[in-house]
$ cat upload.txt   # compact mmCIF, C-alpha atoms and all ligand atoms
# COMPACT_ATOMS: atom_id res chain seq x y z
CA MET A 1358 -103.73 10.56 -53.96
CA THR A 1359 -100.29 11.09 -52.45
CA ALA A 1360 -97.38 8.68 -52.27
CA TYR A 1361 -94.35 7.92 -50.13
CA LEU A 1362 -91.29 6.10 -51.37
CA CYS A 1363 -89.71 4.40 -48.35
CA GLU A 1364 -86.03 3.57 -48.64
CA SER A 1365 -86.92 0.56 -46.51
CA ALA A 1366 -90.08 -0.37 -44.61
CA TRP A 1367 -91.05 -2.90 -41.97
CA LEU A 1368 -94.10 -4.77 -43.24
CA GLY A 1369 -94.10 -7.43 -40.47
CA GLY A 1370 -91.76 -10.25 -39.42
CA ALA A 1371 -88.06 -9.67 -38.81
CA ASP A 1372 -86.83 -8.17 -42.07
CA ALA A 1373 -87.44 -4.91 -43.89
CA ALA A 1374 -88.43 -4.54 -47.55
CA GLY A 1375 -86.51 -2.13 -49.78
CA ASP A 1376 -87.87 0.64 -52.04
CA VAL A 1377 -91.46 0.42 -50.85
CA LEU A 1378 -93.95 2.73 -52.58
CA VAL A 1379 -96.92 3.49 -50.31
CA GLU A 1380 -99.84 5.20 -52.05
CA VAL A 1381 -102.30 7.10 -49.86
CA ALA A 1382 -105.85 8.22 -50.59
CA ASP A 1383 -108.17 9.93 -48.08
CA GLY A 1384 -105.72 9.28 -45.25
CA ARG A 1385 -105.59 5.54 -45.87
CA ILE A 1386 -103.03 3.30 -47.51
CA ALA A 1387 -104.31 2.54 -51.01
CA SER A 1388 -101.46 0.27 -52.06
CA VAL A 1389 -98.05 -1.01 -50.94
CA HIS A 1390 -95.41 -1.94 -53.55
CA PRO A 1391 -92.14 -3.42 -52.21
CA ALA A 1392 -89.09 -3.35 -54.54
CA TYR A 1393 -90.77 -0.66 -56.60
CA ASP A 1394 -88.76 0.46 -59.62
CA GLY A 1395 -91.45 2.07 -61.81
CA PRO A 1396 -92.09 5.77 -62.41
CA LEU A 1397 -92.89 7.76 -59.28
CA PRO A 1398 -96.35 9.34 -59.03
CA ASP A 1399 -96.36 13.16 -59.08
CA GLY A 1400 -95.55 14.67 -55.67
CA THR A 1401 -94.07 11.50 -54.18
CA THR A 1402 -92.28 12.17 -50.88
CA THR A 1403 -89.14 10.15 -50.19
CA LEU A 1404 -88.72 8.81 -46.65
CA ARG A 1405 -85.14 7.81 -45.96
CA GLY A 1406 -84.15 5.17 -43.43
CA LEU A 1407 -86.49 2.51 -42.04
CA VAL A 1408 -90.20 3.27 -42.10
CA VAL A 1409 -92.31 1.59 -39.42
CA PRO A 1410 -96.02 1.96 -38.60
CA GLY A 1411 -97.15 4.82 -36.38
CA LEU A 1412 -96.53 3.95 -32.74
CA ALA A 1413 -99.31 3.74 -30.13
CA ASN A 1414 -98.79 5.10 -26.65
CA ALA A 1415 -101.47 3.00 -24.99
CA HIS A 1416 -101.06 4.45 -21.50
CA SER A 1417 -100.33 8.12 -20.82
CA HIS A 1418 -100.94 10.61 -18.04
CA ALA A 1419 -99.90 13.76 -19.88
CA PHE A 1420 -99.53 15.93 -16.78
CA HIS A 1421 -96.98 13.59 -15.18
CA ARG A 1422 -94.49 15.05 -17.69
CA ALA A 1423 -94.05 17.91 -15.21
CA LEU A 1424 -92.39 15.49 -12.75
CA ARG A 1425 -89.47 14.48 -14.96
CA ALA A 1426 -86.13 14.93 -13.18
CA ARG A 1427 -87.94 16.53 -10.26
CA THR A 1428 -88.61 13.48 -8.08
CA GLU A 1429 -85.20 11.85 -7.94
CA GLN A 1430 -84.04 13.12 -4.54
CA GLY A 1431 -83.79 10.82 -1.55
CA LYS A 1432 -85.29 7.41 -0.98
CA GLY A 1433 -88.91 6.52 -1.59
CA THR A 1434 -91.45 4.28 -3.30
CA PHE A 1435 -94.37 4.57 -5.69
CA TRP A 1436 -96.37 5.96 -2.78
CA THR A 1437 -93.96 8.83 -1.98
CA TRP A 1438 -93.75 9.64 -5.70
CA ARG A 1439 -97.55 9.76 -5.77
CA GLU A 1440 -97.55 12.60 -3.22
CA ARG A 1441 -95.36 14.67 -5.56
CA MET A 1442 -97.63 13.81 -8.47
CA TYR A 1443 -100.65 15.03 -6.48
CA GLY A 1444 -98.85 18.36 -6.05
CA VAL A 1445 -98.81 18.85 -9.81
CA ALA A 1446 -102.41 17.68 -10.15
CA GLU A 1447 -103.40 20.31 -7.60
CA ALA A 1448 -101.88 23.08 -9.77
CA LEU A 1449 -103.78 22.13 -12.93
CA ASP A 1450 -106.61 24.12 -14.42
CA PRO A 1451 -108.04 23.74 -17.93
CA ASP A 1452 -105.64 26.28 -19.51
CA ARG A 1453 -102.52 24.88 -17.83
CA TYR A 1454 -103.65 21.34 -18.61
CA LEU A 1455 -104.11 22.24 -22.28
CA ALA A 1456 -100.63 23.79 -22.49
CA LEU A 1457 -98.93 20.89 -20.69
CA ALA A 1458 -100.77 18.17 -22.61
CA ARG A 1459 -100.16 19.92 -25.95
CA ALA A 1460 -96.43 20.10 -25.30
CA THR A 1461 -96.29 16.53 -24.01
CA PHE A 1462 -98.24 15.17 -26.98
CA ALA A 1463 -95.91 17.13 -29.28
CA GLU A 1464 -92.95 15.40 -27.60
CA MET A 1465 -94.72 12.10 -28.27
CA ALA A 1466 -95.25 12.99 -31.95
CA LEU A 1467 -91.52 13.72 -32.26
CA ALA A 1468 -90.97 10.21 -30.84
CA GLY A 1469 -93.15 8.60 -33.53
CA VAL A 1470 -96.35 8.27 -31.50
CA THR A 1471 -99.44 8.72 -33.68
CA THR A 1472 -102.15 7.60 -31.22
CA VAL A 1473 -102.24 8.40 -27.51
CA GLY A 1474 -104.43 6.68 -24.94
CA GLU A 1475 -104.81 9.34 -22.27
CA PHE A 1476 -105.90 7.82 -18.96
CA HIS A 1477 -107.66 10.94 -17.76
CA TYR A 1478 -108.81 11.38 -14.17
CA VAL A 1479 -108.30 15.04 -13.13
CA HIS A 1480 -111.88 15.98 -13.89
CA HIS A 1481 -112.98 18.67 -11.44
CA GLY A 1482 -111.80 21.88 -9.83
CA PRO A 1483 -110.08 22.14 -6.42
CA GLY A 1484 -112.02 20.41 -3.67
CA GLY A 1485 -113.91 18.42 -6.29
CA VAL A 1486 -116.11 21.34 -7.30
CA PRO A 1487 -117.14 20.81 -10.94
CA TYR A 1488 -116.21 23.47 -13.47
CA ASP A 1489 -119.10 25.27 -15.22
CA ASP A 1490 -118.44 22.79 -18.00
CA PRO A 1491 -117.94 19.53 -16.05
CA ASN A 1492 -115.81 18.31 -18.95
CA ALA A 1493 -113.56 21.36 -19.22
CA MET A 1494 -110.50 19.27 -18.35
CA GLY A 1495 -111.36 16.48 -20.83
CA GLY A 1496 -111.98 19.14 -23.46
CA ALA A 1497 -108.49 20.52 -22.80
CA VAL A 1498 -106.97 17.09 -23.48
CA VAL A 1499 -108.93 16.79 -26.73
CA ALA A 1500 -107.79 20.25 -27.86
CA ALA A 1501 -104.20 19.43 -26.89
CA ALA A 1502 -104.10 16.30 -29.04
CA ALA A 1503 -105.52 18.15 -32.04
CA ALA A 1504 -102.96 20.94 -31.61
CA ALA A 1505 -100.12 18.39 -31.44
CA GLY A 1506 -101.34 16.43 -34.48
CA VAL A 1507 -101.85 13.08 -32.73
CA ARG A 1508 -104.88 10.81 -32.66
CA LEU A 1509 -106.46 10.48 -29.21
CA THR A 1510 -108.43 7.96 -27.25
CA LEU A 1511 -109.57 9.82 -24.15
CA LEU A 1512 -109.92 7.10 -21.53
CA ASP A 1513 -112.24 8.89 -19.17
CA THR A 1514 -111.53 7.41 -15.80
CA CYS A 1515 -113.96 6.51 -13.05
CA TYR A 1516 -112.22 7.18 -9.72
CA LEU A 1517 -114.35 6.94 -6.60
CA THR A 1518 -112.23 5.87 -3.63
CA GLY A 1519 -108.83 6.87 -2.27
CA GLY A 1520 -107.82 3.27 -1.61
CA VAL A 1521 -109.72 0.06 -0.86
CA GLY A 1522 -112.53 1.07 1.50
CA ARG A 1523 -111.31 4.69 1.81
CA THR A 1524 -112.97 7.92 0.79
CA LEU A 1525 -111.29 10.42 -1.53
CA GLU A 1526 -109.38 13.13 0.24
CA GLY A 1527 -107.29 16.19 -0.63
CA THR A 1528 -106.29 16.36 -4.29
CA GLN A 1529 -108.15 13.10 -4.96
CA LEU A 1530 -111.44 14.98 -4.60
CA ARG A 1531 -110.75 16.42 -8.07
CA PHE A 1532 -110.87 12.92 -9.54
CA GLY A 1533 -114.26 11.77 -8.24
CA ASP A 1534 -117.78 11.78 -9.65
CA GLY A 1535 -119.48 10.20 -6.62
CA ASP A 1536 -120.55 6.96 -8.24
CA ALA A 1537 -120.36 5.15 -11.57
CA ALA A 1538 -123.81 6.38 -12.68
CA ARG A 1539 -122.75 10.02 -12.32
CA TRP A 1540 -119.44 9.21 -14.03
CA ALA A 1541 -121.42 7.80 -16.98
CA GLU A 1542 -123.67 10.83 -17.07
CA ARG A 1543 -120.67 13.16 -17.35
CA VAL A 1544 -119.00 11.02 -20.03
CA ASP A 1545 -122.22 10.86 -22.04
CA ALA A 1546 -122.28 14.67 -21.96
CA LEU A 1547 -118.66 14.79 -23.13
CA ARG A 1548 -119.46 12.51 -26.06
CA ALA A 1549 -122.46 14.62 -26.98
CA ASP A 1550 -120.38 17.84 -26.82
CA LEU A 1551 -117.58 16.42 -28.93
CA GLY A 1552 -119.81 15.06 -31.66
CA ASP A 1553 -117.75 12.85 -33.95
CA PRO A 1554 -114.47 14.67 -34.59
CA ALA A 1555 -111.86 12.94 -36.71
CA GLY A 1556 -109.05 11.45 -34.69
CA VAL A 1557 -110.81 11.36 -31.32
CA ARG A 1558 -112.48 8.49 -29.54
CA VAL A 1559 -113.83 8.41 -25.98
CA GLY A 1560 -113.14 5.24 -24.04
CA ALA A 1561 -113.67 4.23 -20.41
CA ALA A 1562 -111.33 3.46 -17.56
CA VAL A 1563 -111.66 2.00 -14.10
CA HIS A 1564 -108.82 3.62 -12.18
CA SER A 1565 -108.02 0.41 -10.30
CA VAL A 1566 -109.56 -1.76 -7.60
CA ARG A 1567 -108.11 0.87 -5.26
CA GLY A 1568 -110.15 3.59 -6.99
CA VAL A 1569 -113.42 1.83 -7.81
CA PRO A 1570 -115.32 -0.52 -5.46
CA PRO A 1571 -116.28 -3.91 -6.94
CA ASP A 1572 -120.00 -3.09 -6.98
CA GLN A 1573 -119.35 -0.03 -9.18
CA VAL A 1574 -117.14 -1.77 -11.76
CA PRO A 1575 -119.97 -3.46 -13.75
CA ALA A 1576 -121.57 -0.10 -14.56
CA VAL A 1577 -118.34 1.21 -16.10
CA ALA A 1578 -117.68 -2.04 -17.96
CA GLY A 1579 -121.28 -2.05 -19.18
CA TRP A 1580 -120.98 1.53 -20.40
CA ALA A 1581 -117.89 0.59 -22.42
CA LEU A 1582 -119.58 -2.41 -24.01
CA ALA A 1583 -122.74 -0.46 -24.80
CA HIS A 1584 -120.69 2.25 -26.52
CA ASP A 1585 -118.32 -0.14 -28.30
CA ALA A 1586 -115.53 1.65 -26.43
CA PRO A 1587 -112.26 0.31 -25.04
CA LEU A 1588 -112.02 -0.21 -21.27
CA HIS A 1589 -108.68 0.26 -19.49
CA VAL A 1590 -107.76 -0.39 -15.87
CA HIS A 1591 -104.59 -0.20 -13.75
CA LEU A 1592 -103.99 -3.71 -12.43
CA SER A 1593 -101.67 -4.99 -9.71
CA GLU A 1594 -98.95 -2.39 -10.19
CA GLN A 1595 -98.16 -2.68 -6.50
CA VAL A 1596 -98.02 -5.61 -4.07
CA ALA A 1597 -99.84 -3.38 -1.56
CA GLU A 1598 -102.82 -3.18 -3.95
CA ASN A 1599 -103.02 -6.98 -4.07
CA GLU A 1600 -102.78 -7.24 -0.29
CA ALA A 1601 -105.49 -4.64 0.37
CA CYS A 1602 -107.77 -6.23 -2.23
CA LEU A 1603 -107.30 -9.74 -0.83
CA ALA A 1604 -107.90 -8.51 2.71
CA ALA A 1605 -111.11 -6.66 1.82
CA PHE A 1606 -112.65 -8.92 -0.82
CA GLY A 1607 -110.88 -12.28 -0.46
CA ARG A 1608 -109.94 -12.11 -4.13
CA THR A 1609 -107.06 -10.75 -6.22
CA PRO A 1610 -107.63 -7.57 -8.27
CA THR A 1611 -107.79 -9.70 -11.44
CA GLU A 1612 -110.45 -11.94 -9.84
CA VAL A 1613 -112.46 -8.88 -8.81
CA LEU A 1614 -112.39 -7.57 -12.40
CA HIS A 1615 -113.25 -11.01 -13.75
CA ASP A 1616 -116.22 -11.39 -11.42
CA ALA A 1617 -117.42 -7.90 -12.39
CA GLY A 1618 -117.43 -8.85 -16.08
CA ALA A 1619 -114.69 -6.34 -16.84
CA LEU A 1620 -112.24 -8.63 -18.67
CA GLY A 1621 -112.49 -9.27 -22.40
CA PRO A 1622 -111.01 -8.54 -25.83
CA THR A 1623 -111.78 -4.81 -25.63
CA THR A 1624 -110.28 -4.51 -22.13
CA THR A 1625 -106.68 -3.53 -21.46
CA VAL A 1626 -105.07 -4.02 -18.07
CA VAL A 1627 -102.18 -1.67 -17.38
CA HIS A 1628 -98.97 -2.90 -15.68
CA ALA A 1629 -100.11 -6.38 -14.50
CA THR A 1630 -96.78 -6.41 -12.68
CA HIS A 1631 -97.80 -8.62 -9.77
CA VAL A 1632 -100.23 -11.15 -11.25
CA ALA A 1633 -100.10 -14.80 -10.24
CA GLU A 1634 -100.60 -17.74 -12.57
CA HIS A 1635 -104.36 -17.95 -11.94
CA ASP A 1636 -104.69 -14.24 -12.71
CA ARG A 1637 -102.76 -14.66 -15.95
CA THR A 1638 -104.97 -17.58 -16.93
CA LEU A 1639 -108.09 -15.44 -16.42
CA LEU A 1640 -106.59 -12.53 -18.37
CA GLY A 1641 -105.45 -14.71 -21.26
CA ALA A 1642 -108.66 -16.74 -21.49
CA ALA A 1643 -110.62 -13.49 -21.80
CA GLU A 1644 -108.19 -12.26 -24.51
CA THR A 1645 -107.51 -9.17 -22.43
CA THR A 1646 -104.66 -6.95 -23.60
CA ALA A 1647 -101.83 -6.26 -21.16
CA CYS A 1648 -100.20 -2.84 -21.45
CA LEU A 1649 -96.76 -2.75 -19.87
CA CYS A 1650 -94.88 0.46 -19.14
CA PRO A 1651 -91.32 -0.72 -18.44
CA THR A 1652 -89.65 2.69 -18.13
CA THR A 1653 -92.21 3.81 -15.56
CA GLU A 1654 -92.20 0.47 -13.74
CA ARG A 1655 -88.43 0.73 -13.32
CA ASP A 1656 -88.60 4.43 -12.42
CA LEU A 1657 -91.20 3.84 -9.70
CA ALA A 1658 -89.58 0.65 -8.40
CA ASP A 1659 -92.77 -1.29 -9.16
CA GLY A 1660 -91.12 -4.55 -10.16
CA ILE A 1661 -90.78 -6.51 -13.40
CA GLY A 1662 -94.02 -7.55 -15.08
CA PRO A 1663 -94.37 -11.11 -16.43
CA ALA A 1664 -94.58 -10.06 -20.08
CA ALA A 1665 -93.72 -13.41 -21.65
CA ALA A 1666 -96.01 -15.32 -19.28
CA LEU A 1667 -98.88 -12.95 -20.10
CA ARG A 1668 -98.26 -13.45 -23.81
CA ASP A 1669 -98.08 -17.23 -23.34
CA ALA A 1670 -101.39 -17.10 -21.44
CA GLY A 1671 -103.06 -15.47 -24.46
CA CYS A 1672 -102.79 -11.72 -23.82
CA ALA A 1673 -101.89 -9.32 -26.59
CA LEU A 1674 -99.28 -6.80 -25.44
CA ALA A 1675 -99.30 -3.02 -25.69
CA LEU A 1676 -96.94 -0.35 -24.37
CA GLY A 1677 -97.28 2.97 -22.63
CA SER A 1678 -95.10 5.85 -21.43
CA ASP A 1679 -97.37 6.24 -18.37
CA SER A 1680 -95.52 8.66 -16.04
CA GLN A 1681 -93.50 10.21 -18.94
CA SER A 1682 -90.20 9.64 -17.15
CA VAL A 1683 -89.22 8.57 -20.68
CA VAL A 1684 -91.22 9.18 -23.87
CA ASP A 1685 -89.82 6.56 -26.22
CA LEU A 1686 -91.94 3.62 -27.35
CA LEU A 1687 -88.89 1.91 -28.86
CA GLU A 1688 -87.27 1.99 -25.41
CA GLU A 1689 -90.48 0.55 -23.91
CA ALA A 1690 -90.37 -2.29 -26.47
CA ARG A 1691 -86.72 -2.95 -25.72
CA GLY A 1692 -87.49 -2.82 -22.00
CA ILE A 1693 -89.93 -5.73 -22.24
CA GLU A 1694 -87.21 -8.07 -23.50
CA ALA A 1695 -84.44 -6.49 -21.40
CA HIS A 1696 -86.37 -6.89 -18.14
CA GLU A 1697 -87.18 -10.52 -18.98
CA ARG A 1698 -83.47 -11.12 -19.52
CA LEU A 1699 -82.56 -9.61 -16.16
CA ALA A 1700 -85.22 -11.61 -14.35
CA SER A 1701 -84.50 -14.93 -16.07
CA GLN A 1702 -80.79 -14.75 -16.97
CA GLN A 1703 -81.86 -15.94 -20.45
CA ARG A 1704 -81.99 -14.05 -23.78
CA GLY A 1705 -84.49 -14.21 -26.60
CA HIS A 1706 -87.94 -14.16 -25.02
CA PHE A 1707 -89.50 -12.03 -27.76
CA ALA A 1708 -88.86 -11.67 -31.47
CA ALA A 1709 -88.05 -8.08 -32.47
CA GLY A 1710 -91.10 -8.02 -34.77
CA GLU A 1711 -93.31 -9.04 -31.86
CA LEU A 1712 -91.99 -6.15 -29.77
CA LEU A 1713 -92.43 -3.65 -32.60
CA ALA A 1714 -96.00 -4.85 -33.11
CA ALA A 1715 -96.67 -4.25 -29.39
CA ALA A 1716 -95.38 -0.69 -29.83
CA ALA A 1717 -97.91 -0.25 -32.64
CA ASN A 1718 -100.93 -1.74 -30.85
CA HIS A 1719 -103.57 0.88 -31.67
CA ALA A 1720 -106.37 -1.72 -31.55
CA CYS A 1721 -106.42 -1.66 -27.75
CA LEU A 1722 -107.33 2.03 -28.02
CA GLY A 1723 -110.25 1.28 -30.34
CA TRP A 1724 -108.37 1.90 -33.61
CA SER A 1725 -108.25 -1.50 -35.29
CA ASP A 1726 -107.33 0.06 -38.65
CA VAL A 1727 -103.98 1.50 -37.55
CA GLY A 1728 -100.65 -0.14 -36.79
CA ARG A 1729 -99.56 -1.91 -39.98
CA ILE A 1730 -98.23 -0.70 -43.31
CA ALA A 1731 -100.88 -2.49 -45.37
CA THR A 1732 -103.63 -1.65 -47.83
CA GLY A 1733 -106.74 -0.29 -46.11
CA GLN A 1734 -104.96 0.80 -42.95
CA ARG A 1735 -104.80 4.45 -41.93
CA ALA A 1736 -101.62 5.99 -43.33
CA ASP A 1737 -99.48 6.39 -40.19
CA LEU A 1738 -95.79 6.20 -41.08
CA VAL A 1739 -92.70 6.79 -38.95
CA ALA A 1740 -89.25 7.09 -40.52
CA LEU A 1741 -86.23 6.07 -38.41
CA ASP A 1742 -82.69 7.24 -39.18
CA THR A 1743 -80.60 4.21 -40.11
CA ARG A 1744 -77.39 6.26 -40.33
CA SER A 1745 -77.20 7.77 -36.83
CA VAL A 1746 -74.51 7.01 -34.27
CA ARG A 1747 -76.94 4.55 -32.69
CA THR A 1748 -78.12 2.75 -35.80
CA ALA A 1749 -75.26 2.94 -38.33
CA GLY A 1750 -73.94 -0.47 -39.31
CA GLY A 1751 -76.90 -2.47 -38.00
CA ALA A 1752 -78.91 -4.79 -40.24
CA VAL A 1753 -82.01 -2.83 -41.28
CA GLY A 1754 -85.07 -4.59 -39.89
CA ALA A 1755 -87.25 -4.89 -36.80
CA ALA A 1756 -84.22 -5.51 -34.54
CA LEU A 1757 -82.64 -2.21 -35.60
CA ALA A 1758 -85.81 -0.36 -34.60
CA VAL A 1759 -86.17 -2.12 -31.24
CA PHE A 1760 -82.60 -2.81 -30.16
CA ALA A 1761 -80.68 0.15 -31.61
CA ALA A 1762 -82.89 3.11 -32.45
CA THR A 1763 -84.38 5.53 -29.93
CA ALA A 1764 -86.93 8.30 -30.17
CA ALA A 1765 -84.04 10.56 -31.22
CA ASP A 1766 -83.87 8.59 -34.49
CA VAL A 1767 -87.42 9.49 -35.54
CA THR A 1768 -87.06 11.89 -38.48
CA ASP A 1769 -90.51 11.98 -40.08
CA VAL A 1770 -94.03 11.21 -38.87
CA VAL A 1771 -97.19 10.97 -40.96
CA VAL A 1772 -100.63 10.69 -39.34
CA ASP A 1773 -103.64 9.82 -41.52
CA GLY A 1774 -101.51 10.65 -44.56
CA ARG A 1775 -100.65 14.09 -43.20
CA PRO A 1776 -97.07 15.04 -42.27
CA VAL A 1777 -96.76 16.07 -38.61
CA VAL A 1778 -92.97 15.80 -38.19
CA ARG A 1779 -90.46 16.47 -40.95
CA ASP A 1780 -86.67 16.28 -40.57
CA ARG A 1781 -87.11 16.04 -36.76
CA ARG A 1782 -89.17 19.26 -36.65
CA HIS A 1783 -92.76 19.35 -35.42
CA LEU A 1784 -94.84 21.09 -38.09
CA LEU A 1785 -97.63 22.27 -35.76
CA VAL A 1786 -95.78 23.17 -32.54
CA ASP A 1787 -92.96 25.58 -33.26
CA ASP A 1788 -90.57 25.03 -30.39
CA VAL A 1789 -91.48 21.89 -28.46
CA PRO A 1790 -88.74 22.16 -25.78
CA ARG A 1791 -89.81 25.75 -25.05
CA ALA A 1792 -93.48 24.73 -24.92
CA LEU A 1793 -92.57 21.96 -22.46
CA ALA A 1794 -90.46 24.23 -20.27
CA ASP A 1795 -93.14 26.92 -20.09
CA ALA A 1796 -95.95 24.45 -19.41
CA VAL A 1797 -93.97 22.63 -16.71
CA ALA A 1798 -92.96 25.93 -15.05
CA ALA A 1799 -96.63 26.85 -14.71
CA VAL A 1800 -97.45 23.82 -12.56
CA THR A 1801 -94.25 23.32 -10.55
CA TRP A 1802 -92.48 25.35 -7.89
ZN ZN B 1901 -101.06 4.95 -15.11
$ encode --input "upload.txt" --output "structure tokens"
Amino acid sequence: MTAYLCESAWLGGADAAGDVLVEVADGRIASVHPAYDGPLPDGTTTLRGLVVPGLANAHSHAFHRALRARTEQGKGTFWTWRERMYGVAEALDPDRYLALARATFAEMALAGVTTVGEFHYVHHGPGGVPYDDPNAMGGAVVAAAAAAGVRLTLLDTCYLTGGVGRTLEGTQLRFGDGDAARWAERVDALRADLGDPAGVRVGAAVHSVRGVPPDQVPAVAGWALAHDAPLHVHLSEQVAENEACLAAFGRTPTEVLHDAGALGPTTTVVHATHVAEHDRTLLGAAETTACLCPTTERDLADGIGPAAALRDAGCALALGSDSQSVVDLLEEARGIEAHERLASQQRGHFAAGELLAAAANHACLGWSDVGRIATGQRADLVALDTRSVRTAGGAVGAALAVFAATAADVTDVVVDGRPVVRDRRHLLVDDVPRALADAVAAVTW
């Protein structure tokens, strides 16, 4: 049994509780005592500031970290950015991928992320030739998460076409398995190789309706259901995706997924930027989670997703750093409300507690026992500095976390009861900036 005395802690709602003793046994929260004034158990660690649950990065492509501040020249769109991204993908091999993902996940840990959903699609060697171990790249991601001290859901991604009705070409050949049956065969082998390691779960992903033809989607969705695994899919990030899908299939991407049986409470759609009312009704009725990535959507000029309308339709919300242009889940949470304000010229679409809960949505990654500071939950704790230049003077509560703090205010991170970050220092990765610089240098030019 260990214990943490939190100067203040967010236990839900708008306000924070003071002097909260959190007792931990076997990596889980054994008890929570707000306003605690009794004797402290031996070895109690004090966490100053505001303690919030571990944050969940529900949508990550670790290798995109190499593009930060390297794609900002000249005009362009998502599609021109994608060409640059393919350049980095082309330079990856299992060792470089491990180094880059380890450093990126360490950056996430320093930002308070305790679970990462890695949407993983660079599976094979150049030209699409499988490595001797066809899961060498997935294995590198698993090793990277362990080395960085974060929990991982590896969302192994089926990616079969280079656009609606188009074959894979160039770098895209590295992403493909041929068909959904061969994708499933490879993922089954990965699961068998991994066994049942603590802190790792294998989930499924359909890249998008651009990347998987409608007749192949049911096999991936069926695999996820049969393995009790989460299913994620990029949805309507771009108007061009909607147009191509409508032209080829006479249906929106959401309708294609619905007809393929791919929507449901264990499915998460990523972005959902350009979804019409009928799409939102389908998503909400199926209790599908919508994962928005506001800092990426603004960086790539995608558009503003209808976060409040998706919530009102019945979708739970989650957040992701996606392209890693920013790694800050608090900024993602703030972005949801901020973008709604810009689009509507109205304030107050989301309560701060609602936004913080979205930043701690681990359930959409298959971890339903993480994301709250409550008895029985896994002991993931993140301490935020309430005395920094950003936060000093604010009322301590959910609004301080979402509307004032940034990743730079994360001082301490505990995952499964184990400290991973202390006083802003990563305990497993010595020099995270150096690790990032070296790993990025190896895949850029
Ligand atoms: Zn993505």
$ closest_residue --input "upload.txt" --among "A:Pro1451, A:Gly1677, A:Gly1369, A:Gly1527" --to "ligand ZN 1901 (chain B)" --atoms "only C-alpha atoms and all ligand atoms"
A:Gly1677
$ atom_distance --input "upload.txt" --atom1 "atom CA of A:Val1389" --atom2 "atom CA of A:Thr1510"
27.4 Å
$ closest_atom_pairs --input "upload.txt" --of "chain A" --to "ligand ZN 1901 (chain B)" --cutoff "7 Å" --atoms "all atoms listed in the file" --output "CSV"
residue,atom,partner,partner_atom,distance
A:His1416,CA,B:ZN1901,ZN,6.4
A:Ser1417,CA,B:ZN1901,ZN,6.6
A:His1418,CA,B:ZN1901,ZN,6.4
A:Phe1476,CA,B:ZN1901,ZN,6.8
A:His1591,CA,B:ZN1901,ZN,6.4
A:Asp1679,CA,B:ZN1901,ZN,5.1
A:Ser1680,CA,B:ZN1901,ZN,6.7
$ closest_residue --input "upload.txt" --among "A:Ala1715, A:Leu1620, A:Ala1731, A:Met1494" --to "A:Ala1673" --atoms "all atoms listed in the file"
A:Ala1715
$ closest_residue --input "upload.txt" --among "A:Arg1508, A:Arg1668, A:His1631, A:His1421" --to "A:Trp1724" --atoms "only C-alpha atoms"
A:Arg1508
$ residues_around --input "upload.txt" --residues "stretch 1607-1609 of chain A" --least-positions-apart "5" --cutoff "8 Å" --atoms "only C-alpha atoms" --output "PyMOL selection string"
chain A and resi 1599+1602+1636
$ atom_distance --input "upload.txt" --atom1 "atom CA of A:Trp1580" --atom2 "atom CA of A:Leu1640"
20.2 Å
$ closest_residue --input "upload.txt" --among "A:Ala1658, A:Ala1460, A:Cys1515, A:Ala1373" --to "A:Asp1788" --atoms "all atoms listed in the file"
A:Ala1460
$ atom_distance --input "upload.txt" --atom1 "atom CA of A:Ala1633" --atom2 "atom CA of A:Gly1662"
10.6 Å
$ residues_near_point --input "upload.txt" --point "(-87.7, -4.5, -22.5)" --cutoff "12 Å" --atoms "all atoms listed in the file" --output "count of residues only"
42
$ residues_around --input "upload.txt" --residues "A:Arg1782" --least-positions-apart "6" --cutoff "12 Å" --atoms "all atoms listed in the file" --output "MDAnalysis selection string"
chainID A and resid 1463:1464 1466:1469 1765 1767:1770 1776 1788:1790
$ closest_residue --input "upload.txt" --among "A:Ala1717, A:Ala1586, A:Val1626, A:Leu1741" --to "A:Ser1365" --atoms "all atoms listed in the file"
A:Leu1741
$ residues_around --input "upload.txt" --residues "A:Ala1426" --least-positions-apart "3" --cutoff "12 Å" --atoms "only C-alpha atoms" --output "list of chain:residue names"
A:His1421, A:Arg1422, A:Ala1423, A:Glu1429, A:Gln1430, A:Trp1438, A:Arg1441, A:Asp1656, A:Ser1680, A:Gln1681, A:Ser1682, A:Val1683, A:Val1797, A:Thr1801
$ residues_around --input "upload.txt" --residues "A:Gln1595" --least-positions-apart "2" --cutoff "8 Å" --atoms "all atoms listed in the file" --output "PyMOL selection string"
chain A and resi 1593+1597-1599+1630-1631+1659
$ closest_residue --input "upload.txt" --among "A:Val1521, A:Ala1794, A:Val1771, A:Ala1578" --to "A:Ala1604" --atoms "only C-alpha atoms"
A:Val1521
$ residues_around --input "upload.txt" --residues "stretch 1528-1533 of chain A" --least-positions-apart "4" --cutoff "8 Å" --atoms "all atoms listed in the file" --output "list of chain:residue names"
A:Tyr1443, A:Gly1444, A:Ala1446, A:Glu1447, A:Tyr1478, A:Val1479, A:His1480, A:His1481, A:Gly1482, A:Pro1483, A:Gly1484, A:Gly1485, A:Val1486, A:Cys1515, A:Tyr1516, A:Leu1517, A:Thr1518, A:Gly1519
$ residues_near_point --input "upload.txt" --point "(-98.3, 11.0, -34.8)" --cutoff "12 Å" --atoms "all atoms listed in the file" --output "MDAnalysis selection string"
chainID A and resid 1410:1414 1462:1473 1502:1509 1556 1717 1719 1727:1728 1735:1740 1767:1779 1783:1785
